[in-house]
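Just input.txt here, compact mmCIF, C-alpha atoms:
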# COMPACT_ATOMS: atom_id res chain seq x y z
CA ASP A 30 147.49 30.47 -128.57
CA GLY A 31 149.25 30.49 -125.23
CA ASP A 32 148.64 29.22 -121.70
CA VAL A 33 144.95 28.31 -121.38
CA GLY A 34 145.13 27.04 -117.79
CA ARG A 35 144.42 23.69 -116.22
CA PRO A 36 141.84 21.23 -117.54
CA LEU A 37 138.42 21.33 -115.87
CA PRO A 38 137.64 18.62 -113.31
CA GLY A 39 136.66 15.38 -115.07
CA CYS A 40 138.50 16.38 -118.25
CA ARG A 41 141.75 14.74 -119.32
CA VAL A 42 144.06 16.63 -121.67
CA ALA A 43 147.30 15.26 -123.05
CA ALA A 44 149.76 15.93 -125.86
CA ALA A 45 150.35 13.03 -128.24
CA ASP A 46 153.11 12.65 -130.79
CA PRO A 47 151.42 13.27 -134.19
CA ASP A 48 153.46 10.52 -135.87
CA THR A 49 153.64 7.76 -133.26
CA GLY A 50 150.54 8.53 -131.19
CA ALA A 51 152.54 8.15 -127.95
CA PHE A 52 151.95 10.47 -124.99
CA CYS A 53 154.41 13.37 -124.94
CA PRO A 54 156.19 14.15 -121.68
CA PRO A 55 155.64 17.58 -120.05
CA GLU A 56 156.98 20.54 -122.03
CA VAL A 57 157.12 18.48 -125.27
CA GLN A 58 154.84 19.67 -128.05
CA GLY A 59 152.36 17.35 -129.72
CA GLU A 60 148.72 17.23 -130.81
CA LEU A 61 146.38 18.06 -127.94
CA ILE A 62 143.88 15.30 -127.21
CA ILE A 63 140.90 15.49 -124.83
CA GLN A 64 138.81 12.93 -123.02
CA SER A 65 135.72 13.76 -120.96
CA LYS A 66 132.06 12.84 -120.59
CA ALA A 67 131.31 16.37 -121.83
CA VAL A 68 132.96 16.10 -125.25
CA MET A 69 131.25 15.11 -128.46
CA ASN A 70 130.00 11.61 -129.20
CA GLY A 71 130.34 12.20 -132.93
CA TYR A 72 129.27 14.48 -135.76
CA TYR A 73 125.59 14.88 -136.47
CA ARG A 74 124.75 12.71 -139.49
CA ARG A 75 128.44 12.56 -140.52
CA PRO A 76 129.75 9.24 -139.20
CA GLU A 77 132.52 9.24 -141.81
CA ALA A 78 133.98 12.35 -140.12
CA ASP A 79 134.01 10.73 -136.68
CA SER A 80 137.12 8.65 -137.42
CA GLN A 81 139.09 11.81 -138.15
CA VAL A 82 138.55 13.17 -134.64
CA LEU A 83 137.44 10.32 -132.37
CA LYS A 84 140.39 7.94 -132.26
CA PRO A 85 142.15 5.70 -129.78
CA GLY A 86 144.78 7.48 -127.73
CA PRO A 87 148.07 6.10 -126.48
CA ASP A 88 146.19 4.27 -123.71
CA GLY A 89 143.78 2.56 -126.16
CA GLU A 90 140.78 4.63 -125.03
CA ILE A 91 138.84 6.92 -127.36
CA TRP A 92 140.01 10.56 -127.29
CA VAL A 93 139.08 13.68 -129.26
CA TRP A 94 142.08 14.58 -131.38
CA THR A 95 141.78 18.39 -131.61
CA LYS A 96 144.29 19.12 -134.40
CA ASP A 97 145.65 21.80 -132.05
CA LEU A 98 149.34 21.69 -131.19
CA GLY A 99 150.55 22.30 -127.68
CA TYR A 100 151.98 20.80 -124.54
CA LEU A 101 151.38 20.37 -120.84
CA THR A 102 153.63 22.17 -118.39
CA GLN A 103 155.31 20.42 -115.47
CA ASP A 104 152.47 21.64 -113.21
CA GLY A 105 149.67 20.46 -115.57
CA ARG A 106 148.76 23.68 -117.38
CA VAL A 107 147.82 23.43 -121.07
CA VAL A 108 149.70 25.59 -123.58
CA VAL A 109 148.33 25.87 -127.13
CA THR A 110 150.97 26.66 -129.76
CA GLY A 111 149.16 26.37 -133.10
CA ARG A 112 147.29 24.08 -135.47
CA ARG A 113 148.51 20.70 -136.67
CA LYS A 114 147.78 21.52 -140.30
CA ARG A 115 150.60 24.09 -140.08
CA MET A 116 153.15 21.49 -138.98
CA LEU A 117 155.86 20.89 -141.57
CA SER A 118 158.06 17.85 -142.11
CA ARG A 119 161.62 18.31 -143.29
CA ASN A 120 163.54 15.09 -144.00
CA GLY A 121 161.62 13.31 -141.24
CA PHE A 122 161.95 16.13 -138.69
CA LYS A 123 158.75 17.73 -137.39
CA ILE A 124 158.78 21.51 -137.67
CA PHE A 125 156.35 23.52 -135.57
CA PRO A 126 156.24 27.01 -137.13
CA SER A 127 155.48 28.61 -133.75
CA VAL A 128 158.97 27.69 -132.48
CA ILE A 129 160.58 29.59 -135.37
CA GLU A 130 158.10 32.47 -135.14
CA ASN A 131 158.80 32.91 -131.41
CA CYS A 132 162.53 33.08 -132.13
CA LEU A 133 162.09 35.71 -134.83
CA LEU A 134 159.58 37.74 -132.80
CA ALA A 135 162.19 38.06 -130.03
CA GLU A 136 164.00 40.47 -132.38
CA PRO A 137 162.65 43.93 -131.42
CA ARG A 138 162.75 45.14 -135.04
CA VAL A 139 160.16 42.51 -136.07
CA GLU A 140 156.57 43.75 -135.97
CA ALA A 141 155.02 40.41 -137.01
CA CYS A 142 155.99 37.20 -138.75
CA ALA A 143 154.66 33.88 -139.96
CA VAL A 144 156.45 30.73 -141.09
CA VAL A 145 155.07 28.50 -143.83
CA GLY A 146 156.47 25.65 -145.89
CA GLY A 147 158.35 26.38 -149.07
CA LYS A 148 160.64 24.42 -151.36
CA ASN A 149 164.39 24.69 -151.76
CA PRO A 150 166.04 24.17 -155.19
CA ALA A 151 166.27 20.42 -154.48
CA GLY A 152 162.48 20.32 -153.99
CA GLU A 153 162.66 19.64 -150.23
CA THR A 154 160.17 21.24 -147.83
CA VAL A 155 161.83 24.04 -145.88
CA PRO A 156 160.53 26.73 -143.51
CA MET A 157 160.15 30.16 -145.06
CA ALA A 158 159.71 33.27 -142.92
CA TRP A 159 157.36 36.08 -143.90
CA VAL A 160 158.31 39.13 -141.84
CA VAL A 161 156.82 42.57 -141.20
CA PRO A 162 159.68 44.88 -140.16
CA ALA A 163 159.05 47.61 -137.61
CA ARG A 164 158.61 51.06 -139.11
CA GLY A 165 161.82 52.48 -140.59
CA VAL A 166 163.79 49.22 -140.38
CA ASP A 167 165.86 48.24 -143.40
CA PRO A 168 164.81 44.71 -144.50
CA ALA A 169 168.36 43.78 -145.60
CA GLU A 170 169.81 44.64 -142.17
CA LEU A 171 166.93 42.89 -140.45
CA GLU A 172 167.41 39.76 -142.54
CA ALA A 173 171.09 39.59 -141.54
CA ALA A 174 170.12 39.92 -137.86
CA LEU A 175 167.40 37.27 -138.16
CA ARG A 176 169.72 34.83 -139.91
CA ALA A 177 172.29 35.28 -137.11
CA ARG A 178 169.62 34.85 -134.40
CA ALA A 179 168.25 31.71 -136.07
CA ARG A 180 171.74 30.17 -136.35
CA GLU A 181 172.34 30.83 -132.63
CA GLU A 182 168.96 29.73 -131.26
CA LEU A 183 167.42 27.12 -133.58
CA ASN A 184 168.31 23.57 -134.58
CA THR A 185 169.68 23.43 -138.11
CA TYR A 186 166.51 21.95 -139.63
CA LEU A 187 164.43 24.80 -138.12
CA ILE A 188 166.46 27.64 -139.64
CA PRO A 189 164.37 29.43 -142.29
CA ALA A 190 165.66 28.88 -145.81
CA GLY A 191 164.49 32.33 -146.83
CA TYR A 192 162.94 35.55 -145.62
CA ARG A 193 160.21 37.51 -147.36
CA PHE A 194 159.31 41.03 -146.22
CA LEU A 195 155.85 42.59 -146.30
CA PRO A 196 154.33 45.81 -144.97
CA GLU A 197 151.66 43.66 -143.27
CA LEU A 198 150.61 40.02 -143.11
CA PRO A 199 147.40 38.95 -144.89
CA LEU A 200 144.36 38.40 -142.68
CA THR A 201 141.22 36.31 -143.08
CA PRO A 202 137.81 38.04 -143.06
CA ARG A 203 137.69 37.25 -139.32
CA GLY A 204 140.97 39.09 -138.72
CA LYS A 205 143.18 36.02 -138.22
CA LEU A 206 146.48 35.43 -139.97
CA ASP A 207 145.81 33.96 -143.41
CA TYR A 208 148.42 31.20 -143.68
CA ARG A 209 146.83 29.78 -146.82
CA THR A 210 147.45 33.03 -148.70
CA LEU A 211 151.09 33.00 -147.58
CA GLU A 212 151.42 29.38 -148.69
CA GLY A 213 150.00 30.35 -152.09
CA TRP A 214 152.43 33.24 -152.37
CA GLU A 215 155.28 30.93 -151.39
CA GLU A 216 154.33 28.51 -154.18
CA THR A 217 154.67 31.36 -156.69
CA GLN A 218 158.19 32.20 -155.45
CA HIS A 219 159.61 28.99 -157.11
CA GLY A 220 162.01 28.12 -154.33
CA ILE A 221 164.49 30.39 -152.59
Take the structure in the file and write it out as structure tokens.
Amino acid sequence: DGDVGRPLPGCRVAAADPDTGAFCPPEVQGELIIQSKAVMNGYYRRPEADSQVLKPGPDGEIWVWTKDLGYLTQDGRVVVTGRRKRMLSRNGFKIFPSVIENCLLAEPRVEACAVVGGKNPAGETVPMAWVVPARGVDPAELEAALRARAREELNTYLIPAGYRFLPELPLTPRGKLDYRTLEGWEETQHGI
């Protein structure tokens, strides 16, 4: 994740709204799509998978839909912010967990965090924050500070419905954050 620079010559990169398929303006997050003579023509012996990735873009031409979330800066740099499969929808609003995570990580007493979808008592999808406090930090005090920060900095629909505290976040065998495990744990919490 982060700023990955400008596209190579002959390569077009854009952000497209995941719901409408329209091009996103600079600095607006969407699904990153790529078009170039150097990208794939399709999957080897898997034509049924082609339609999941090779689709018309907002201009009607065929693009590779990467399933990566990100945006283009005003000066044309590409910023990757996460994966589309992590995007949540709350009452029609798109929630990009990275926006919430960046807000929470700005708190110096947060060592690490991840946001996944959970359910509130009404059964609606809501963002839930899994937080690793810095050493010696009281989780109750940290939760109060994070709730205040979220109220000040985030739109109402982005504010986490709950906070869970762990000594460390689960990792995949490759050392990446294991969001699926957190989602499974969230399902066992039975709401907030």
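Of the residues listed (A:Asp79, A:Val155, A:Arg164, A:Pro36), A:Val155 shows the shortest atom-to-atom separation from Gly121 in chain A; distances use only C-alpha atoms.
Relative to CA of Asn131 in chain A, CA of Thr210 in chain A is found at 20.7 Å.
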Practice problem: Go through A:Val107, A:Ile91, A:Ile124, A:Leu206 and flag the residue nearest Pro55 in chain A, using only C-alpha atoms for the distances. | Solution: A:Val107
Let me know the centre plus edge lengths, in Å and rounded to one decimal, of a box with edges along x, y and z that contains all listed atoms of range 40-51 of chain A and is padded by 3 Å on every side, as JSON.
{"center_x": 146.1, "center_y": 12.2, "center_z": -127.1, "size_x": 21.1, "size_y": 14.9, "size_z": 23.6}
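The gap separating CA of Leu117 in chain A from CA of Ser65 in chain A is 29.7 Å, in Å to one decimal.
Using all atoms listed in the file for every distance, the candidate list A:Cys53, A:Val160, A:Ala44, A:Ala67 yields A:Val160 as the residue closest to Glu140 in chain A.
For the residues A:Val109, A:Ala174, A:Ala141, A:Met116, ranking by smallest atom-to-atom distance to Asp48 in chain A using all atoms listed in the file places A:Met116 first.
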